[in-house]
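Engineer: final-v4.cif (mmCIF, C-alpha atoms) pasted underneath:
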```
data_data
#
loop_
_atom_site.label_atom_id
_atom_site.label_comp_id
_atom_site.auth_asym_id
_atom_site.auth_seq_id
_atom_site.Cartn_x
_atom_site.Cartn_y
_atom_site.Cartn_z
CA MET A 242 0.00 0.00 0.00
CA ASN A 243 1.53 3.32 -1.08
CA THR A 244 1.48 6.54 0.93
CA ASP A 245 -1.59 8.04 -0.77
CA SER A 246 -3.57 4.83 -0.34
CA ALA A 247 -2.59 4.63 3.30
CA LYS A 248 -3.71 8.23 3.86
CA ARG A 249 -7.05 7.61 2.18
CA PHE A 250 -7.51 4.45 4.23
CA CYS A 251 -6.79 6.30 7.47
CA ASN A 252 -9.05 9.19 6.50
CA ASP A 253 -11.90 6.83 5.63
CA ASN A 254 -11.54 4.97 8.91
CA MET A 255 -11.38 8.24 10.86
CA GLU A 256 -14.48 9.55 9.08
CA LYS A 257 -16.42 6.37 9.86
CA TYR A 258 -15.25 6.52 13.46
CA LEU A 259 -16.43 10.13 13.80
CA GLN A 260 -19.77 9.24 12.20
CA LYS A 261 -20.27 6.53 14.82
CA ILE A 262 -19.43 8.95 17.64
CA GLU A 263 -21.80 11.56 16.22
CA PHE A 264 -24.59 9.00 15.87
CA ALA A 265 -24.08 7.83 19.46
CA LEU A 266 -24.20 11.43 20.73
CA VAL A 267 -27.40 12.18 18.83
CA LEU A 268 -29.01 9.06 20.27
CA ALA A 269 -27.78 9.80 23.79
CA PHE A 270 -28.75 13.47 23.96
CA LEU A 271 -31.52 14.03 21.40
CA VAL A 272 -33.39 10.76 20.83
CA LEU A 273 -33.34 8.67 24.01
CA PRO A 274 -33.98 11.38 26.68
CA PRO A 275 -37.53 12.19 25.46
CA ILE A 276 -38.38 8.49 25.52
CA PHE A 277 -37.17 7.85 29.08
CA PHE A 278 -38.24 11.18 30.58
CA GLN A 279 -41.74 11.11 29.08
CA ALA A 280 -42.46 7.38 29.33
CA GLY A 281 -43.90 7.71 32.85
CA MET A 282 -45.52 11.08 32.27
CA GLU A 283 -49.18 11.77 31.70
CA ALA A 284 -50.40 14.22 29.11
CA PRO A 285 -51.17 17.54 30.83
CA LYS A 286 -54.89 18.31 31.17
CA THR A 287 -54.29 21.83 29.86
CA ALA A 288 -51.75 22.64 27.16
CA THR A 289 -50.05 26.00 27.45
CA PRO A 290 -48.82 28.03 24.46
CA SER A 291 -45.38 28.64 25.96
CA PHE A 292 -42.07 27.14 24.85
CA SER A 293 -38.89 26.96 26.88
CA ALA A 294 -35.43 28.01 25.76
CA GLN A 295 -34.73 24.29 25.32
CA THR A 296 -37.04 24.22 22.29
CA TYR A 297 -35.02 26.89 20.50
CA ALA A 298 -31.73 25.33 21.58
CA LEU A 299 -32.79 21.98 20.12
CA ALA A 300 -33.88 23.67 16.89
CA LEU A 301 -30.51 25.41 16.64
CA LEU A 302 -28.72 22.12 17.20
CA ALA A 303 -30.94 20.47 14.57
CA PHE A 304 -30.03 23.21 12.10
CA PHE A 305 -26.34 22.54 12.79
CA ILE A 306 -26.89 18.81 12.14
CA TYR A 307 -28.69 19.58 8.92
CA TYR A 308 -26.08 22.10 7.82
CA ILE A 309 -23.09 19.79 8.17
CA HIS A 310 -24.90 16.93 6.39
CA ARG A 311 -26.84 18.85 3.74
CA ASN A 312 -24.45 17.76 0.96
CA VAL A 313 -24.00 14.20 2.23
CA TYR A 314 -27.54 12.92 2.48
CA ILE A 315 -30.06 13.01 -0.34
CA ILE A 316 -32.49 15.28 1.51
CA ARG A 317 -31.99 18.99 1.03
CA PHE A 318 -33.60 22.39 1.02
CA GLN A 319 -34.25 23.56 -2.51
CA LYS A 320 -32.02 26.56 -3.22
CA LYS A 321 -33.64 27.85 -6.39
CA TRP A 322 -37.34 27.51 -7.05
CA THR A 323 -39.14 27.78 -10.37
CA LYS A 324 -42.87 28.44 -10.53
CA MET A 325 -43.49 24.85 -11.51
CA GLN A 326 -41.40 23.53 -8.59
CA VAL A 327 -43.32 25.75 -6.17
CA PHE A 328 -46.61 24.50 -7.60
CA ILE A 329 -45.58 20.84 -7.32
CA ALA A 330 -44.13 21.27 -3.81
CA SER A 331 -47.30 23.06 -2.68
CA GLY A 332 -49.37 20.13 -3.90
CA GLU A 333 -47.11 17.65 -2.10
CA CYS A 334 -47.38 19.67 1.12
CA LEU A 335 -51.16 19.82 0.81
CA VAL A 336 -51.47 16.06 0.28
CA CYS A 337 -49.13 15.36 3.20
CA PHE A 338 -51.03 17.73 5.49
CA GLY A 339 -54.36 16.20 4.48
CA SER A 340 -53.02 12.71 5.15
CA LEU A 341 -51.93 13.68 8.66
CA CYS A 342 -55.34 15.18 9.41
CA VAL A 343 -57.21 12.14 8.09
CA VAL A 344 -55.11 9.77 10.21
CA SER A 345 -55.66 11.88 13.32
CA VAL A 346 -59.43 12.08 12.80
CA LEU A 347 -59.76 8.35 12.11
CA LEU A 348 -57.77 7.44 15.22
CA GLU A 349 -59.82 9.83 17.36
CA LEU A 350 -62.97 8.24 15.98
CA ALA A 351 -61.63 4.75 16.65
CA GLY A 352 -60.69 5.74 20.19
CA TYR A 353 -64.16 7.17 20.78
CA LEU A 354 -65.89 4.04 19.47
CA LEU A 355 -63.63 1.77 21.52
CA GLY A 356 -63.90 3.92 24.62
CA GLU A 357 -60.14 4.54 24.63
CA SER A 358 -60.07 8.25 23.80
CA GLY A 359 -59.73 9.31 27.43
CA GLU A 360 -60.11 12.84 28.75
CA ILE A 361 -59.78 15.52 26.10
CA GLN A 362 -56.81 17.80 26.63
CA LYS A 363 -57.70 21.47 26.66
CA ALA A 364 -55.52 24.27 25.32
CA ALA A 365 -55.19 27.99 25.95
CA LEU A 366 -54.37 30.43 23.17
CA PRO A 367 -51.84 33.26 23.59
CA HIS A 368 -53.18 36.58 24.86
CA SER A 369 -50.53 39.05 23.71
CA LEU A 370 -48.46 39.80 20.64
CA ASN A 371 -45.28 38.67 22.38
CA SER A 372 -46.85 35.38 23.43
CA TRP A 373 -48.14 34.83 19.88
CA VAL A 374 -44.63 35.32 18.50
CA VAL A 375 -43.23 32.82 21.02
CA PHE A 376 -46.08 30.41 20.29
CA ILE A 377 -45.65 30.46 16.49
CA SER A 378 -41.85 30.36 16.55
CA GLY A 379 -41.89 27.59 19.14
CA MET A 380 -44.27 25.48 17.07
CA VAL A 381 -42.09 25.87 13.97
CA CYS A 382 -38.86 25.17 15.88
CA ALA A 383 -40.32 22.03 17.48
CA ALA A 384 -41.47 20.71 14.10
CA PHE A 385 -38.12 21.57 12.50
CA TYR A 386 -36.21 19.77 15.25
CA GLU A 387 -38.26 16.60 14.85
CA GLU A 388 -38.05 16.62 11.06
CA VAL A 389 -34.27 16.99 11.05
CA VAL A 390 -33.66 14.36 13.72
CA TYR A 391 -36.27 11.74 12.77
CA ARG A 392 -36.85 12.27 9.05
CA PHE A 393 -33.43 13.52 7.97
CA TYR A 394 -30.65 12.39 10.27
CA LEU A 395 -31.64 9.06 11.82
CA PRO A 396 -32.75 7.09 8.74
CA GLU A 397 -29.99 8.49 6.53
CA ALA A 398 -27.25 8.06 9.14
CA MET A 399 -28.31 4.48 9.82
CA ARG A 400 -28.37 3.75 6.10
CA HIS A 401 -24.74 4.92 5.85
CA LEU A 402 -23.55 3.24 9.04
CA PHE A 403 -25.12 -0.11 8.20
CA SER A 404 -24.27 -0.07 4.49
CA ARG A 405 -21.63 -2.74 5.19
CA PHE A 406 -24.38 -5.09 6.34
CA PRO A 407 -26.50 -5.74 3.23
CA LYS A 408 -28.58 -8.35 5.05
CA ILE A 409 -30.19 -5.57 7.10
CA PRO A 410 -33.00 -4.23 4.88
CA GLN A 411 -33.44 -0.50 4.53
CA LEU A 412 -37.07 -0.90 5.56
CA ALA A 413 -35.96 -2.19 8.97
CA LEU A 414 -33.83 0.92 9.53
CA GLU A 415 -36.72 3.14 8.48
CA ALA A 416 -38.95 1.30 10.95
CA VAL A 417 -36.45 1.91 13.77
CA ALA A 418 -36.47 5.66 13.08
CA VAL A 419 -40.28 5.72 13.06
CA ALA A 420 -40.43 3.67 16.28
CA LEU A 421 -38.05 6.04 18.06
CA PHE A 422 -40.20 9.00 17.00
CA ALA A 423 -43.37 7.28 18.19
CA LEU A 424 -41.81 6.29 21.53
CA GLY A 425 -41.10 9.98 22.13
CA HIS A 426 -44.90 10.45 22.16
CA ILE A 427 -45.69 7.46 24.37
CA TYR A 428 -46.91 9.77 27.13
CA LEU A 429 -49.96 10.48 24.94
CA GLY A 430 -51.10 6.89 25.37
CA ALA A 431 -51.63 4.04 22.93
CA LEU A 432 -53.56 6.15 20.42
CA GLY A 433 -50.97 8.93 20.62
CA PHE A 434 -48.20 6.41 20.04
CA LEU A 435 -50.03 4.91 17.06
CA ASN A 436 -50.80 8.35 15.64
CA ALA A 437 -47.14 9.36 15.92
CA ALA A 438 -46.03 6.11 14.25
CA ILE A 439 -48.40 6.48 11.29
CA CYS A 440 -47.83 10.22 10.88
CA GLY A 441 -44.08 9.73 11.20
CA THR A 442 -44.23 7.16 8.42
CA ILE A 443 -46.23 9.52 6.21
CA LEU A 444 -43.81 12.39 6.78
CA ARG A 445 -40.81 10.20 5.99
CA LEU A 446 -42.49 8.93 2.81
CA PHE A 447 -42.97 12.48 1.58
CA VAL A 448 -39.38 13.38 2.48
CA TRP A 449 -38.14 10.34 0.60
CA ARG A 450 -40.46 11.08 -2.31
CA THR A 451 -39.51 14.76 -2.69
CA HIS A 452 -35.95 14.75 -1.29
CA SER A 453 -36.84 17.95 0.54
CA LEU A 454 -37.56 18.79 4.17
CA TRP A 455 -40.05 21.47 3.11
CA CYS A 456 -42.65 18.84 2.22
CA SER A 457 -42.58 17.43 5.74
CA LEU A 458 -41.73 20.52 7.80
CA ILE A 459 -44.59 22.70 6.52
CA PRO A 460 -47.32 20.02 6.87
CA HIS A 461 -45.96 19.02 10.30
CA ALA A 462 -46.03 22.59 11.61
CA LEU A 463 -49.51 23.23 10.14
CA TYR A 464 -50.77 19.99 11.65
CA ASN A 465 -49.49 20.97 15.09
CA PHE A 466 -51.17 24.37 14.77
CA CYS A 467 -54.49 22.79 13.77
CA VAL A 468 -54.40 20.29 16.63
CA TYR A 469 -53.68 23.05 19.13
CA PHE A 470 -56.40 25.35 17.80
CA ALA A 471 -58.87 22.45 17.81
CA LEU A 472 -58.08 21.75 21.46
CA ALA A 473 -58.45 25.45 22.27
CA ASN A 474 -61.95 25.56 20.78
CA ILE A 475 -63.38 22.40 22.32
#
```
Can you turn what I pasted into structure tokens?

Structural biologist:
Amino acid sequence: MNTDSAKRFCNDNMEKYLQKIEFALVLAFLVLPPIFFQAGMEAPKTATPSFSAQTYALALLAFFIYYIHRNVYIIRFQKKWTKMQVFIASGECLVCFGSLCVVSVLLELAGYLLGESGEIQKAALPHSLNSWVVFISGMVCAAFYEEVVYRFYLPEAMRHLFSRFPKIPQLALEAVAVALFALGHIYLGALGFLNAAICGTILRLFVWRTHSLWCSLIPHALYNFCVYFALANI
């Protein structure tokens, strides 16, 4: 092995080693904590429109993760948009948003018919301009964080890390990412877990289909807004 080959070999091994460390850190600090901390929690009876500094910190960290991997993984933000691309992307977003709403309504109906819906969580809307700004920005940041971690980083990182094991199907890795996302919503109960699993699958399908985070981020944020406003008007 000549000098150049040895350098490339060392660089490749170092890059793979750093990828494994990064993946472990993301799991340890961004993915697993919500599962363990919220597993024994109960959904609050009244949702408040406030977001902590942690929400914005997580969104900033998610942006950093996206930024350093934007040219590595197939998912990207479109840099230049034509009118046709905007039209197509708008249609994709609308279909994705409608799919999320249909799933949520059907599961709520199933829970009602089976007597498993439980007590309806109430919500309070913001009362000032400042609280509205915090509410809207917090909703968007929370959706952005989840899309980057669960729809962008986890499935793509696992696909790269396990590429040396062809016997592991890609579908299994996708299922792991969806399961981790759903487990983060286990505090909402069985229906909440199932809703998160199905909606997470839908969002990932649209990301995979369009190769863009826009077509999952926008529907996700709009869906969260609609759910909150529905709870506020019950």

Engineer: In Å, with one decimal, what is the gap from CA of Thr442 (chain A) to CA of Ala303 (chain A)?

Structural biologist: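 That distance, rounded to one decimal, is 19.8 Å.
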
Engineer: Applied to this file, what does the PyMOL selection byres ((chain A and resi 384) around 9) return in terms of residues, put as a ChimeraX atom specification?

Structural biologist: /A:300,379-383,385-389,458-459,461-462,465

Engineer: Output C-alpha atoms of each residue in that selection to a file, as an mmCIF file, in the coordinates of the input.

Structural biologist:
```
data_model
loop_
_atom_site.group_PDB
_atom_site.id
_atom_site.type_symbol
_atom_site.label_atom_id
_atom_site.label_comp_id
_atom_site.auth_asym_id
_atom_site.auth_seq_id
_atom_site.Cartn_x
_atom_site.Cartn_y
_atom_site.Cartn_z
ATOM 1 C CA ALA A 300 -33.880 23.670 16.890
ATOM 2 C CA GLY A 379 -41.890 27.590 19.140
ATOM 3 C CA MET A 380 -44.270 25.480 17.070
ATOM 4 C CA VAL A 381 -42.090 25.870 13.970
ATOM 5 C CA CYS A 382 -38.860 25.170 15.880
ATOM 6 C CA ALA A 383 -40.320 22.030 17.480
ATOM 7 C CA PHE A 385 -38.120 21.570 12.500
ATOM 8 C CA TYR A 386 -36.210 19.770 15.250
ATOM 9 C CA GLU A 387 -38.260 16.600 14.850
ATOM 10 C CA GLU A 388 -38.050 16.620 11.060
ATOM 11 C CA VAL A 389 -34.270 16.990 11.050
ATOM 12 C CA LEU A 458 -41.730 20.520 7.800
ATOM 13 C CA ILE A 459 -44.590 22.700 6.520
ATOM 14 C CA HIS A 461 -45.960 19.020 10.300
ATOM 15 C CA ALA A 462 -46.030 22.590 11.610
ATOM 16 C CA ASN A 465 -49.490 20.970 15.090
#
```

Engineer: Return as JSON the centre and edge lengths, in Å with one decimal, of the box along x, y and z that encloses every atom of region 328-336 of chain A in the file, padded by 4 Å per side.

Structural biologist:
```
{"center_x": -47.8, "center_y": 20.3, "center_z": -3.2, "size_x": 15.3, "size_y": 16.4, "size_z": 16.7}
```

Engineer: In Å, with one decimal, what is the gap from CA of Tyr464 (chain A) to CA of Gly339 (chain A)?

Structural biologist: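 A separation of 8.9 Å between them.
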
Engineer: Just give me the residues with any atom within 7 Å of (-53.4, 7.5, 13.5), file coordinates, counting all atoms listed in the file, written as a list of chain:residue names.

Structural biologist: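 The distance filter leaves exactly A:Val344, A:Ser345, A:Leu347, A:Leu348, A:Leu435, A:Asn436, A:Ala437, A:Ile439, A:Cys440.
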
Engineer: Taking the file as I've supplied it (selection: the PyMOL selection byres ((chain A and resi 402-416) around 12)), which residues are included? Please answer as a count of residues only.

Structural biologist: 37

Engineer: Using Å and a single decimal, report how far CA of Arg450 (chain A) sits from CA of Glu349 (chain A).

Structural biologist: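 Taking CA of Glu349 (chain A) and CA of Arg450 (chain A), their separation equals 27.6 Å.
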
Engineer: Pick the closest to Leu355 (chain A) from A:Leu273, A:Leu299, A:Leu432, A:Leu370: which is it, counting all atoms listed in the file?

Structural biologist: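 That would be A:Leu432, the residue with the smallest distance to Leu355 (chain A).
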
Engineer: Starting from the displayed file, determine the output of the PyMOL selection byres ((chain A and resi 338) around 8) and express the residue list as a PyMOL selection string.

Structural biologist: chain A and resi 334-337+339-342+460-461+463-464

Engineer: Taking only C-alpha atoms into account, name the residue in A:Asn474, A:Ser331, A:Ser293, A:Asn254 that is nearest to Val375 (chain A).

Structural biologist: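 So, comparing all the options, the nearest one is A:Ser293.
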